[in-house]
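Student: Mind having a look at this structure? Questions to follow.
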Number of protein chains: 2
Amino acid sequence: MNLSPESLARMIDHTVLKPETKRGKIKQLCDEALAYGFGAVCINPVHVEYAAGLLEGTDVKVCCVVGFPLGATLPEVKATEARHAVRLGADEIDMVMNIGAMRDGDRGLVKRDMEGVVAAADGRPVKVILETGLLVDDEKREACEIAMEAGARYVKTSTGFGPMGATPYDVRLMREVVGDRMGVKAAGGIRTFADALRLIDAGADRLGTSSGVAIVEGYKWAKYSDSWMKPVRPCWLCPSRHASLAKQPKEVYLWYKQRCITCPHRDENIFND
Amino acid sequence: MNLSPESLARMIDHTVLKPETKRGKIKQLCDEALAYGFGAVCINPVHVEYAAGLLEGTDVKVCCVVGFPLGATLPEVKATEARHAVRLGADEIDMVMNIGAMRDGDRGLVKRDMEGVVAAADGRPVKVILETGLLVDDEKREACEIAMEAGARYVKTSTGFGPMGATPYDVRLMREVVGDRMGVKAAGGIRTFADALRLIDAGADRLGTSSGVAIVEGYKWAKYSDSWMKPVRPCWLCPSRHASLAKQPKEVYLWYKQRCITCPHRDENIFND
């Protein structure tokens, strides 16, 4: 992998999505994005106008979330939200797909939902958040296909508010489906340079994280030691490790746990009960 | 308190707000609401039309969340969402206020946000969710005042997705501000009959919970024993107990912890480090 600190920084969507975020925090986010050369800031709609003003004339894009983080609102509402975000200066839209409809097999609604946002984004890139932790593999694959048909530019793993974050496993699966026709954005729980590198290696070309500064600083230190390159147990990176009956629907939880039984790494798994 | 199982059930908004919710779960929710005589079902916008069809001609109201659960979208988007929800059959709207703007002291934006939803609801009751766990007491009081000025019908404690659920402390504080001019809905973490009773005793007249069946069934059993009436340590019910640096902004966390220092119950507090 040929990756400079600069090109790593360009892949990062510097992210703050907490509901309690104050103006000062958005200012800091934009300042850091400029100082570190991040590709974008990723924020809630209510902060788009302010951030777009701060970043006008710079290379840093404003990325706005839509239908976030549940994705359980109406297609018309997501489209309206995207339209307003664009009007206020958003360069990119990260929408959450209708997860319940996907699980119900209602392809039509899932696609219509995405198409409305793609149209409202008016040529700007749309990333579709699948929330992989709530889906089984076949649903993830199908969601990628629908997003591609609907004209989205990226598929994205997670919101950061769901049951699990980005895993190399899911990124690889999504990249297999979309090939080079779409981007793959990994998001959720990406905290270190090693996390970032593993996800890029698995096929991610964008990273959504609030730890962008630590990740880029980590790159600078990484050359002094290669302890961070040590291979980790496969189970540490497996989504099944994060399966949780408290956070996932029972059938999804069981599907993840079921994978362990036939997994060649099963004997190394120190997380199983 | 003069409370029958029937009047308790009427106070309950039977709630399912998970993003992965399938149609079948909404059907079950509506069936239970009819069987137990709950006041309403509380659901995401994407399920309003289906639930309204199932509940047509019954006493059970359809309550739809708006700007949920972050409240960090634009006033126009929340108003549009409320308008569509009403068009599809919603009888009540539970909106999340703009929490960041409240913390920034931007009263104008907070109020405009609420007013837009109240207008879109077109006479139907609007409940404003404060997400008390992200606010200090003065902010909670001010939010109640703004909600009253904006024409909302209820203030509501929490989303169930935030750092803490409903506490008798917050319900009492909110009731003190709104008196009998507004309702107070407690929501988040209400699982048992004892939880419900304590919140009603503190001033709540609506309860948002996904444990409505257990709560009403608990009432039926309660007469056989009064062990559930045992007083609990005050600290068990105190919001400061749930303070968490991982989930709250630092200044809010410190504010909650600070209260412990001067609290008369301090010596009973087994949760302090």
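Letters A, B, ... go to the chains of the structure tokens in the order shown; residues in each chain start at 1; ligands are counted from 1 in the same order.
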Give me the residues near stretch 113-116 of chain B as a short mmCIF file (atom, residue, chain, number, x, y, z; two decimals) with C-alpha atoms, in the first residue's frame, where near means some atom within 6 Å (using only C-alpha atoms) and where sequence neighbours in that chain fewer than 5 positions away do not count.
Tutor:
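Full text of result_28.cif as output:
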```
data_model
loop_
_atom_site.label_atom_id
_atom_site.label_comp_id
_atom_site.auth_asym_id
_atom_site.auth_seq_id
_atom_site.Cartn_x
_atom_site.Cartn_y
_atom_site.Cartn_z
CA PRO B 75 -36.43 23.42 11.64
CA ALA B 79 -41.71 20.62 10.20
CA ALA B 150 -43.98 27.61 21.45
#
```
Student: Within 8 Å of chain A, which residues of chain B come that close, and what is the closest atom pair and distance in Å for each? Count only C-alpha atoms and give it as a Markdown table.
Tutor:
```
| residue | atom | partner | partner_atom | distance |
| --- | --- | --- | --- | --- |
| B:Lys18 | CA | A:Leu70 | CA | 7.4 |
| B:Pro19 | CA | A:Leu70 | CA | 4.9 |
| B:Glu20 | CA | A:Gly100 | CA | 4.4 |
| B:Thr21 | CA | A:Gly100 | CA | 5.0 |
| B:Lys22 | CA | A:Gly100 | CA | 5.1 |
| B:Arg23 | CA | A:Asp104 | CA | 7.1 |
| B:Asn44 | CA | A:Ala72 | CA | 5.9 |
| B:Pro45 | CA | A:Thr73 | CA | 4.9 |
| B:Val46 | CA | A:Thr73 | CA | 4.9 |
| B:Phe68 | CA | A:Leu70 | CA | 7.9 |
| B:Pro69 | CA | A:Pro69 | CA | 7.7 |
| B:Leu70 | CA | A:Pro19 | CA | 4.9 |
| B:Gly71 | CA | A:Pro19 | CA | 6.6 |
| B:Ala72 | CA | A:Val46 | CA | 5.5 |
| B:Thr73 | CA | A:Pro45 | CA | 4.9 |
| B:Leu74 | CA | A:Val46 | CA | 5.2 |
| B:Val77 | CA | A:Glu81 | CA | 5.6 |
| B:Thr80 | CA | A:Val77 | CA | 6.6 |
| B:Glu81 | CA | A:Val77 | CA | 5.6 |
| B:His84 | CA | A:Val77 | CA | 7.9 |
| B:Asn98 | CA | A:Pro19 | CA | 7.9 |
| B:Ile99 | CA | A:Glu20 | CA | 5.3 |
| B:Gly100 | CA | A:Glu20 | CA | 4.4 |
| B:Ala101 | CA | A:Lys22 | CA | 6.9 |
| B:Arg103 | CA | A:Lys22 | CA | 6.8 |
| B:Asp104 | CA | A:Lys22 | CA | 5.9 |
| B:Leu134 | CA | A:Glu20 | CA | 6.7 |
| B:Pro249 | CA | A:Glu20 | CA | 7.6 |
```
Student: Give me the residues near A:Val155 as number ranges by chain, where near means some atom within 6 Å (using only C-alpha atoms) and where sequence neighbours in that chain fewer than 5 positions away do not count.
Tutor: A: 127-128, 184
Student: Restricting it to C-alpha atoms, dump the selection as a PDB file, in the first residue's frame.
Tutor:
```pdb
ATOM      1  CA  LYS A 127     -23.015   7.723   0.603  1.00  0.00           C
ATOM      2  CA  VAL A 128     -25.489   5.104   1.765  1.00  0.00           C
ATOM      3  CA  VAL A 184     -16.534   2.174   0.306  1.00  0.00           C
TER       4      VAL A 184
END
```
Student: Write out as a PyMOL selection string the residues lying within 9 Å of B:Gly133, counting only C-alpha atoms and excluding same-chain residues fewer than 4 positions away.
Tutor: chain B and resi 157-158+162-166+239+242-243+247-248+252
Student: Determine which residues of stretch 42-120 of chain A DSSP labels as strand (DSSP E) from the backbone of this structure, then write them out as a ChimeraX atom specification.
Tutor: /A:42-43,61-66,92-96
Student: From a backbone DSSP assignment, name each residue in stretch 3-249 of chain A labelled alpha helix (DSSP H), as a PyMOL selection string.
Tutor: chain A and resi 5-10+23-36+48-55+75-87+99-103+107-121+137-149+168-178+193-202+212-222
Student: Just how far from atom CA of A:Lys27 is atom CA of A:Glu56, in Å to one decimal?
Tutor: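 Going from atom CA of A:Glu56 over to atom CA of A:Lys27, I get 13.1 Å.
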Student: Excluding B:Cys42 and its own-chain neighbours fewer than 2 positions away, which residues fall within 7 Å of it when counting only C-alpha atoms? Please give them as a PDB file with all heavy atoms, in the first residue's frame.
Tutor:
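Result written to part32.pdb:
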```
ATOM      1  N   ASP B  13     -47.505   5.217  26.364  1.00  0.00           N
ATOM      2  CA  ASP B  13     -47.233   5.217  24.925  1.00  0.00           C
ATOM      3  C   ASP B  13     -46.383   3.975  24.651  1.00  0.00           C
ATOM      4  O   ASP B  13     -45.200   3.923  25.003  1.00  0.00           O
ATOM      5  CB  ASP B  13     -46.448   6.477  24.511  1.00  0.00           C
ATOM      6  CG  ASP B  13     -47.300   7.737  24.551  1.00  0.00           C
ATOM      7  OD1 ASP B  13     -48.507   7.637  24.841  1.00  0.00           O
ATOM      8  OD2 ASP B  13     -46.758   8.829  24.297  1.00  0.00           O
ATOM      9  N   HIS B  14     -46.987   2.996  24.035  1.00  0.00           N
ATOM     10  CA  HIS B  14     -46.352   1.692  23.778  1.00  0.00           C
ATOM     11  C   HIS B  14     -45.366   1.908  22.624  1.00  0.00           C
ATOM     12  O   HIS B  14     -45.768   2.259  21.514  1.00  0.00           O
ATOM     13  CB  HIS B  14     -47.457   0.694  23.408  1.00  0.00           C
ATOM     14  CG  HIS B  14     -47.082  -0.738  23.521  1.00  0.00           C
ATOM     15  ND1 HIS B  14     -46.242  -1.231  24.485  1.00  0.00           N
ATOM     16  CD2 HIS B  14     -47.456  -1.827  22.781  1.00  0.00           C
ATOM     17  CE1 HIS B  14     -46.111  -2.536  24.338  1.00  0.00           C
ATOM     18  NE2 HIS B  14     -46.832  -2.922  23.311  1.00  0.00           N
ATOM     19  N   THR B  15     -44.081   1.674  22.891  1.00  0.00           N
ATOM     20  CA  THR B  15     -43.043   2.267  22.048  1.00  0.00           C
ATOM     21  C   THR B  15     -42.106   1.245  21.399  1.00  0.00           C
ATOM     22  O   THR B  15     -41.610   0.342  22.075  1.00  0.00           O
ATOM     23  CB  THR B  15     -42.198   3.221  22.925  1.00  0.00           C
ATOM     24  OG1 THR B  15     -43.084   4.197  23.491  1.00  0.00           O
ATOM     25  CG2 THR B  15     -41.113   3.910  22.117  1.00  0.00           C
ATOM     26  N   VAL B  16     -41.891   1.387  20.100  1.00  0.00           N
ATOM     27  CA  VAL B  16     -40.812   0.668  19.405  1.00  0.00           C
ATOM     28  C   VAL B  16     -40.150   1.633  18.435  1.00  0.00           C
ATOM     29  O   VAL B  16     -40.776   2.092  17.474  1.00  0.00           O
ATOM     30  CB  VAL B  16     -41.324  -0.558  18.630  1.00  0.00           C
ATOM     31  CG1 VAL B  16     -40.246  -1.071  17.684  1.00  0.00           C
ATOM     32  CG2 VAL B  16     -41.698  -1.682  19.582  1.00  0.00           C
ATOM     33  N   ALA B  40     -51.396   5.033  23.398  1.00  0.00           N
ATOM     34  CA  ALA B  40     -50.871   5.276  22.057  1.00  0.00           C
ATOM     35  C   ALA B  40     -49.797   4.251  21.738  1.00  0.00           C
ATOM     36  O   ALA B  40     -49.280   3.572  22.621  1.00  0.00           O
ATOM     37  CB  ALA B  40     -50.277   6.680  21.984  1.00  0.00           C
ATOM     38  N   VAL B  62     -51.858   7.196  17.392  1.00  0.00           N
ATOM     39  CA  VAL B  62     -50.563   6.964  16.764  1.00  0.00           C
ATOM     40  C   VAL B  62     -49.680   8.183  17.036  1.00  0.00           C
ATOM     41  O   VAL B  62     -50.007   9.297  16.655  1.00  0.00           O
ATOM     42  CB  VAL B  62     -50.699   6.762  15.239  1.00  0.00           C
ATOM     43  CG1 VAL B  62     -49.319   6.637  14.599  1.00  0.00           C
ATOM     44  CG2 VAL B  62     -51.547   5.530  14.946  1.00  0.00           C
ATOM     45  N   CYS B  63     -48.585   7.910  17.726  1.00  0.00           N
ATOM     46  CA  CYS B  63     -47.663   8.973  18.096  1.00  0.00           C
ATOM     47  C   CYS B  63     -46.376   8.772  17.292  1.00  0.00           C
ATOM     48  O   CYS B  63     -45.803   7.685  17.289  1.00  0.00           O
ATOM     49  CB  CYS B  63     -47.436   8.853  19.598  1.00  0.00           C
ATOM     50  SG  CYS B  63     -46.076   9.774  20.193  1.00  0.00           S
ATOM     51  N   CYS B  64     -45.944   9.812  16.574  1.00  0.00           N
ATOM     52  CA  CYS B  64     -44.793   9.686  15.680  1.00  0.00           C
ATOM     53  C   CYS B  64     -43.648  10.565  16.169  1.00  0.00           C
ATOM     54  O   CYS B  64     -43.863  11.728  16.529  1.00  0.00           O
ATOM     55  CB  CYS B  64     -45.201  10.106  14.272  1.00  0.00           C
ATOM     56  SG  CYS B  64     -43.837  10.105  13.089  1.00  0.00           S
TER      57      CYS B  64
END
```
